[in-house]
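*Asks:* The structure file protein-v2.cif (mmCIF, C-alpha atoms) is provided below.
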data_final
loop_
_atom_site.group_PDB
_atom_site.id
_atom_site.type_symbol
_atom_site.label_atom_id
_atom_site.label_comp_id
_atom_site.auth_asym_id
_atom_site.auth_seq_id
_atom_site.Cartn_x
_atom_site.Cartn_y
_atom_site.Cartn_z
ATOM 1 C CA MET L 3 -16.826 -5.025 -27.674
ATOM 2 C CA SER L 4 -16.038 -3.363 -24.377
ATOM 3 C CA ASP L 5 -12.626 -3.035 -22.753
ATOM 4 C CA VAL L 6 -13.615 -5.858 -20.402
ATOM 5 C CA ASP L 7 -14.668 -8.089 -23.308
ATOM 6 C CA ASP L 8 -11.291 -7.407 -24.926
ATOM 7 C CA TRP L 9 -9.545 -8.241 -21.645
ATOM 8 C CA MET L 10 -11.538 -11.471 -21.286
ATOM 9 C CA ALA L 11 -10.661 -12.490 -24.841
ATOM 10 C CA THR L 12 -6.984 -12.617 -23.897
ATOM 11 C CA TYR L 13 -7.429 -13.876 -20.315
ATOM 12 C CA ASP L 14 -5.637 -17.212 -20.034
ATOM 13 C CA ASN L 15 -6.680 -18.819 -16.768
ATOM 14 C CA PRO L 16 -8.432 -22.078 -15.785
ATOM 15 C CA MET L 17 -11.039 -19.955 -13.948
ATOM 16 C CA LYS L 18 -11.975 -17.922 -17.047
ATOM 17 C CA GLU L 19 -15.433 -19.511 -17.341
ATOM 18 C CA VAL L 20 -16.182 -18.797 -13.675
ATOM 19 C CA VAL L 21 -14.933 -15.200 -13.952
ATOM 20 C CA GLN L 22 -17.176 -14.650 -16.980
ATOM 21 C CA ALA L 23 -20.178 -16.125 -15.156
ATOM 22 C CA MET L 24 -19.477 -13.921 -12.125
ATOM 23 C CA ARG L 25 -19.427 -10.859 -14.390
ATOM 24 C CA GLU L 26 -22.881 -11.771 -15.637
ATOM 25 C CA VAL L 27 -24.232 -12.320 -12.106
ATOM 26 C CA ILE L 28 -22.858 -8.992 -10.862
ATOM 27 C CA LEU L 29 -24.068 -6.973 -13.847
ATOM 28 C CA ALA L 30 -27.512 -8.585 -13.537
ATOM 29 C CA ALA L 31 -27.772 -7.444 -9.896
ATOM 30 C CA ASP L 32 -28.575 -3.858 -10.920
ATOM 31 C CA PRO L 33 -28.512 -2.128 -14.320
ATOM 32 C CA ARG L 34 -26.632 0.851 -12.848
ATOM 33 C CA VAL L 35 -23.546 -1.266 -12.198
ATOM 34 C CA THR L 36 -20.916 -0.801 -14.905
ATOM 35 C CA GLU L 37 -17.555 -2.393 -15.526
ATOM 36 C CA CYS L 38 -14.188 -1.215 -16.767
ATOM 37 C CA ILE L 39 -10.539 -2.187 -16.591
ATOM 38 C CA LYS L 40 -8.684 -0.752 -13.590
ATOM 39 C CA TRP L 41 -5.534 -2.116 -12.016
ATOM 40 C CA GLN L 42 -5.242 -4.388 -15.096
ATOM 41 C CA ALA L 43 -8.402 -6.290 -14.133
ATOM 42 C CA PRO L 44 -12.181 -6.085 -14.601
ATOM 43 C CA THR L 45 -13.633 -3.707 -12.014
ATOM 44 C CA PHE L 46 -17.299 -3.099 -11.195
ATOM 45 C CA VAL L 47 -18.400 0.449 -10.489
ATOM 46 C CA PHE L 48 -21.336 2.324 -8.972
ATOM 47 C CA GLU L 49 -20.629 5.638 -7.205
ATOM 48 C CA GLY L 50 -17.081 4.377 -6.704
ATOM 49 C CA ASN L 51 -15.284 1.100 -7.207
ATOM 50 C CA ILE L 52 -17.294 -1.857 -5.935
ATOM 51 C CA ALA L 53 -14.964 -4.762 -6.637
ATOM 52 C CA SER L 54 -12.157 -6.000 -8.886
ATOM 53 C CA PHE L 55 -11.126 -9.479 -9.925
ATOM 54 C CA PHE L 56 -7.752 -10.789 -8.817
ATOM 55 C CA PRO L 57 -6.756 -12.172 -12.244
ATOM 56 C CA LYS L 58 -3.809 -14.328 -11.137
ATOM 57 C CA SER L 59 -5.890 -16.582 -8.913
ATOM 58 C CA ARG L 60 -5.997 -20.032 -10.540
ATOM 59 C CA LYS L 61 -7.749 -22.232 -7.945
ATOM 60 C CA HIS L 62 -10.816 -20.018 -7.601
ATOM 61 C CA ALA L 63 -12.199 -16.794 -9.015
ATOM 62 C CA SER L 64 -11.386 -14.091 -6.483
ATOM 63 C CA LEU L 65 -13.189 -10.781 -6.292
ATOM 64 C CA MET L 66 -11.912 -8.015 -4.011
ATOM 65 C CA PHE L 67 -14.526 -5.641 -2.651
ATOM 66 C CA HIS L 68 -12.404 -2.526 -2.137
ATOM 67 C CA LYS L 69 -14.478 -1.136 0.736
ATOM 68 C CA GLY L 70 -16.143 -4.417 1.658
ATOM 69 C CA ALA L 71 -15.921 -3.666 5.399
ATOM 70 C CA GLU L 72 -18.389 -0.790 4.843
ATOM 71 C CA ILE L 73 -21.063 -2.911 3.134
ATOM 72 C CA PRO L 74 -23.942 -3.426 5.585
ATOM 73 C CA GLY L 75 -25.388 -6.881 6.044
ATOM 74 C CA ASP L 76 -24.425 -10.418 6.979
ATOM 75 C CA PHE L 77 -22.518 -12.011 4.110
ATOM 76 C CA PRO L 78 -20.739 -15.217 5.189
ATOM 77 C CA ASN L 79 -18.697 -15.471 1.968
ATOM 78 C CA LEU L 80 -17.361 -11.910 2.196
ATOM 79 C CA GLU L 81 -14.051 -12.748 3.867
ATOM 80 C CA GLY L 82 -11.339 -10.756 5.554
ATOM 81 C CA ASP L 83 -10.714 -8.731 8.639
ATOM 82 C CA GLY L 84 -8.673 -5.833 7.305
ATOM 83 C CA LYS L 85 -9.680 -2.210 7.688
ATOM 84 C CA GLU L 86 -11.390 -1.940 4.275
ATOM 85 C CA ALA L 87 -11.127 -4.754 1.724
ATOM 86 C CA ARG L 88 -13.022 -8.035 1.701
ATOM 87 C CA SER L 89 -12.757 -10.940 -0.733
ATOM 88 C CA PHE L 90 -15.365 -13.205 -2.276
ATOM 89 C CA LYS L 91 -14.099 -16.487 -3.731
ATOM 90 C CA VAL L 92 -15.834 -18.891 -6.087
ATOM 91 C CA ALA L 93 -14.358 -22.310 -6.846
ATOM 92 C CA SER L 94 -16.596 -23.475 -9.724
ATOM 93 C CA LEU L 95 -19.772 -22.749 -11.653
ATOM 94 C CA ASP L 96 -21.704 -24.908 -9.149
ATOM 95 C CA ASP L 97 -20.187 -22.909 -6.287
ATOM 96 C CA LEU L 98 -21.230 -19.687 -8.033
ATOM 97 C CA GLU L 99 -24.778 -20.959 -8.362
ATOM 98 C CA ALA L 100 -24.807 -21.677 -4.609
ATOM 99 C CA LYS L 101 -23.469 -18.164 -3.866
ATOM 100 C CA ARG L 102 -25.361 -16.238 -6.579
ATOM 101 C CA ALA L 103 -28.009 -14.734 -4.281
ATOM 102 C CA GLU L 104 -25.410 -13.611 -1.736
ATOM 103 C CA LEU L 105 -23.166 -12.058 -4.404
ATOM 104 C CA GLN L 106 -26.062 -10.092 -5.852
ATOM 105 C CA ALA L 107 -27.187 -9.048 -2.353
ATOM 106 C CA ILE L 108 -23.691 -7.690 -1.633
ATOM 107 C CA VAL L 109 -23.772 -5.616 -4.834
ATOM 108 C CA ARG L 110 -27.279 -4.321 -4.009
ATOM 109 C CA ALA L 111 -26.220 -3.466 -0.438
ATOM 110 C CA TRP L 112 -23.340 -1.405 -1.878
ATOM 111 C CA ILE L 113 -25.785 0.453 -4.129
ATOM 112 C CA VAL L 114 -28.072 1.255 -1.183
ATOM 113 C CA LEU L 115 -25.052 2.358 0.871
ATOM 114 C CA LYS L 116 -24.080 4.755 -1.926
ATOM 115 C CA GLY L 117 -27.554 6.258 -2.147
ATOM 116 C CA GLY L 118 -28.846 4.272 -5.096
#
For this file, produce the structure as structure tokens.

*Replies:*
Amino acid sequence: MSDVDDWMATYDNPMKEVVQAMREVILAADPRVTECIKWQAPTFVFEGNIASFFPKSRKHASLMFHKGAEIPGDFPNLEGDGKEARSFKVASLDDLEAKRAELQAIVRAWIVLKGG
């Protein structure tokens, strides 16, 4: 088991199933994307930190794209107007299915941005 699998095994949150499904969607976007635990949460990595879950969120699964403002493209569910970070929220497994293509496109756009 990986560090993230160990973390998930002890994660007590009503959004656990959605977080797990989001992990699978993100990792399926490109085989070069890896995951680890940083800032006490699952974090996705390719040539830098892509995004981390906000584990305390209980009404939706919340993913913070650390440098989301730099990711090129039009992504309506990538929210925020700060200098760098953007968030991507998913309320349910059905909501994830509706947003799957966009989430994977965001990850792929990051990879292209980083020279992948």

*Asks:* Enter the distance from CA of Val6 (chain L) to CA of Pro44 (chain L), in Å, rounded to one decimal.

*Replies:*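 CA of Val6 (chain L) sits 6.0 Å away from CA of Pro44 (chain L).
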
*Asks:* How would you write, as a PDB file with C-alpha atoms, in the coordinates of the input, the residues chosen by the PyMOL selection byres ((chain L and resi 31) around 7) on this structure?

*Replies:*
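Result saved to part_2.pdb:
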ATOM      1  CA  VAL L  27     -24.232 -12.320 -12.106  1.00  0.00           C
ATOM      2  CA  ILE L  28     -22.858  -8.992 -10.862  1.00  0.00           C
ATOM      3  CA  LEU L  29     -24.068  -6.973 -13.847  1.00  0.00           C
ATOM      4  CA  ALA L  30     -27.512  -8.585 -13.537  1.00  0.00           C
ATOM      5  CA  ASP L  32     -28.575  -3.858 -10.920  1.00  0.00           C
ATOM      6  CA  PRO L  33     -28.512  -2.128 -14.320  1.00  0.00           C
ATOM      7  CA  GLN L 106     -26.062 -10.092  -5.852  1.00  0.00           C
ATOM      8  CA  VAL L 109     -23.772  -5.616  -4.834  1.00  0.00           C
ATOM      9  CA  ARG L 110     -27.279  -4.321  -4.009  1.00  0.00           C
TER      10      ARG L 110
END

*Asks:* Mind listing as a PyMOL selection string all residues within 12 Å of (-6.8, 0.2, -11.9), counting all atoms listed in the file?

*Replies:* chain L and resi 37-47+51+53-56+68

*Asks:* Take the PyMOL selection byres ((chain L and resi 104) around 12), apply it to the structure above, and return the hits as a PDB file with C-alpha atoms, in the frame of the given file.

*Replies:*
ATOM      1  CA  MET L  24     -19.477 -13.921 -12.125  1.00  0.00           C
ATOM      2  CA  VAL L  27     -24.232 -12.320 -12.106  1.00  0.00           C
ATOM      3  CA  ILE L  28     -22.858  -8.992 -10.862  1.00  0.00           C
ATOM      4  CA  ALA L  31     -27.772  -7.444  -9.896  1.00  0.00           C
ATOM      5  CA  GLY L  75     -25.388  -6.881   6.044  1.00  0.00           C
ATOM      6  CA  ASP L  76     -24.425 -10.418   6.979  1.00  0.00           C
ATOM      7  CA  PHE L  77     -22.518 -12.011   4.110  1.00  0.00           C
ATOM      8  CA  PRO L  78     -20.739 -15.217   5.189  1.00  0.00           C
ATOM      9  CA  ASN L  79     -18.697 -15.471   1.968  1.00  0.00           C
ATOM     10  CA  LEU L  80     -17.361 -11.910   2.196  1.00  0.00           C
ATOM     11  CA  PHE L  90     -15.365 -13.205  -2.276  1.00  0.00           C
ATOM     12  CA  LYS L  91     -14.099 -16.487  -3.731  1.00  0.00           C
ATOM     13  CA  VAL L  92     -15.834 -18.891  -6.087  1.00  0.00           C
ATOM     14  CA  ASP L  97     -20.187 -22.909  -6.287  1.00  0.00           C
ATOM     15  CA  LEU L  98     -21.230 -19.687  -8.033  1.00  0.00           C
ATOM     16  CA  GLU L  99     -24.778 -20.959  -8.362  1.00  0.00           C
ATOM     17  CA  ALA L 100     -24.807 -21.677  -4.609  1.00  0.00           C
ATOM     18  CA  LYS L 101     -23.469 -18.164  -3.866  1.00  0.00           C
ATOM     19  CA  ARG L 102     -25.361 -16.238  -6.579  1.00  0.00           C
ATOM     20  CA  ALA L 103     -28.009 -14.734  -4.281  1.00  0.00           C
ATOM     21  CA  LEU L 105     -23.166 -12.058  -4.404  1.00  0.00           C
ATOM     22  CA  GLN L 106     -26.062 -10.092  -5.852  1.00  0.00           C
ATOM     23  CA  ALA L 107     -27.187  -9.048  -2.353  1.00  0.00           C
ATOM     24  CA  ILE L 108     -23.691  -7.690  -1.633  1.00  0.00           C
ATOM     25  CA  VAL L 109     -23.772  -5.616  -4.834  1.00  0.00           C
ATOM     26  CA  ARG L 110     -27.279  -4.321  -4.009  1.00  0.00           C
ATOM     27  CA  ALA L 111     -26.220  -3.466  -0.438  1.00  0.00           C
TER      28      ALA L 111
END

*Asks:* Just how far from CA of Phe48 (chain L) is CA of Gly84 (chain L), in Å to one decimal?

*Replies:*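 Atom-to-atom, CA of Gly84 (chain L) to CA of Phe48 (chain L), that is 22.2 Å.
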
*Asks:* Please define a box with edges along x, y and z of the file around all atoms of region 54-70 of chain L given in the file, extend it by 5 Å on each side, and return its centre and edge lengths in Å to one decimal, as JSON.

*Replies:*
{"center_x": -10.0, "center_y": -11.7, "center_z": -5.3, "size_x": 22.3, "size_y": 31.1, "size_z": 23.9}

*Asks:* On this file, the PyMOL selection byres ((chain L and resi 70) around 8) gives some set of residues; write that set as a list of chain:residue names.

*Replies:*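 Selected by the PyMOL selection byres ((chain L and resi 70) around 8) here: L:Met66, L:Phe67, L:His68, L:Lys69, L:Ala71, L:Glu72, L:Ile73, L:Leu80, L:Glu86, L:Ala87, L:Arg88, L:Ser89.
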
*Asks:* For each of L:Val35, L:Ile52, L:Ala63, L:Val114, take the minimum atom-to-atom distance to Ala93 (chain L), counting all atoms listed in the file, then give the residue where this is smallest.

*Replies:* L:Ala63

*Asks:* From the list L:Gly117, L:Pro74, L:Pro57, L:Gly82, which residue is nearest Asn15 (chain L) when using all atoms listed in the file?

*Replies:*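 Residue with the minimum atom-to-atom distance to Asn15 (chain L): L:Pro57.
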
*Asks:* With all atoms listed in the file as the basis for distance, which of L:Val21, L:Gly118, L:Asp83, L:Thr36 is at the shortest distance from Ser4 (chain L)?

*Replies:*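 Counting all atoms listed in the file, the residue closest to Ser4 (chain L) is L:Thr36.
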
*Asks:* Counting all atoms listed in the file, which residue out of L:Asp7, L:Lys61, L:Leu115, L:Glu81 sits closest to Val20 (chain L)?

*Replies:*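 Residue with the minimum atom-to-atom distance to Val20 (chain L): L:Lys61.
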
*Asks:* In Å to one decimal, how far is CA of Ser59 (chain L) from CA of Glu26 (chain L)?

*Replies:*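 Those two atoms sit 18.9 Å apart.
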
*Asks:* Find, counting all atoms listed in the file, the residue in L:Lys85, L:Arg60, L:Glu49, L:Arg34 that gets nearest to Met17 (chain L).

*Replies:*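 Among the listed residues, the smallest separation from Met17 (chain L) belongs to L:Arg60.
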
*Asks:* Please determine, counting only C-alpha atoms, which residue among L:Pro16, L:Met10, L:Ile113, L:Arg25 has the shortest atom-to-atom distance to Leu65 (chain L).

*Replies:*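 Result for the nearest residue to Leu65 (chain L): L:Arg25.
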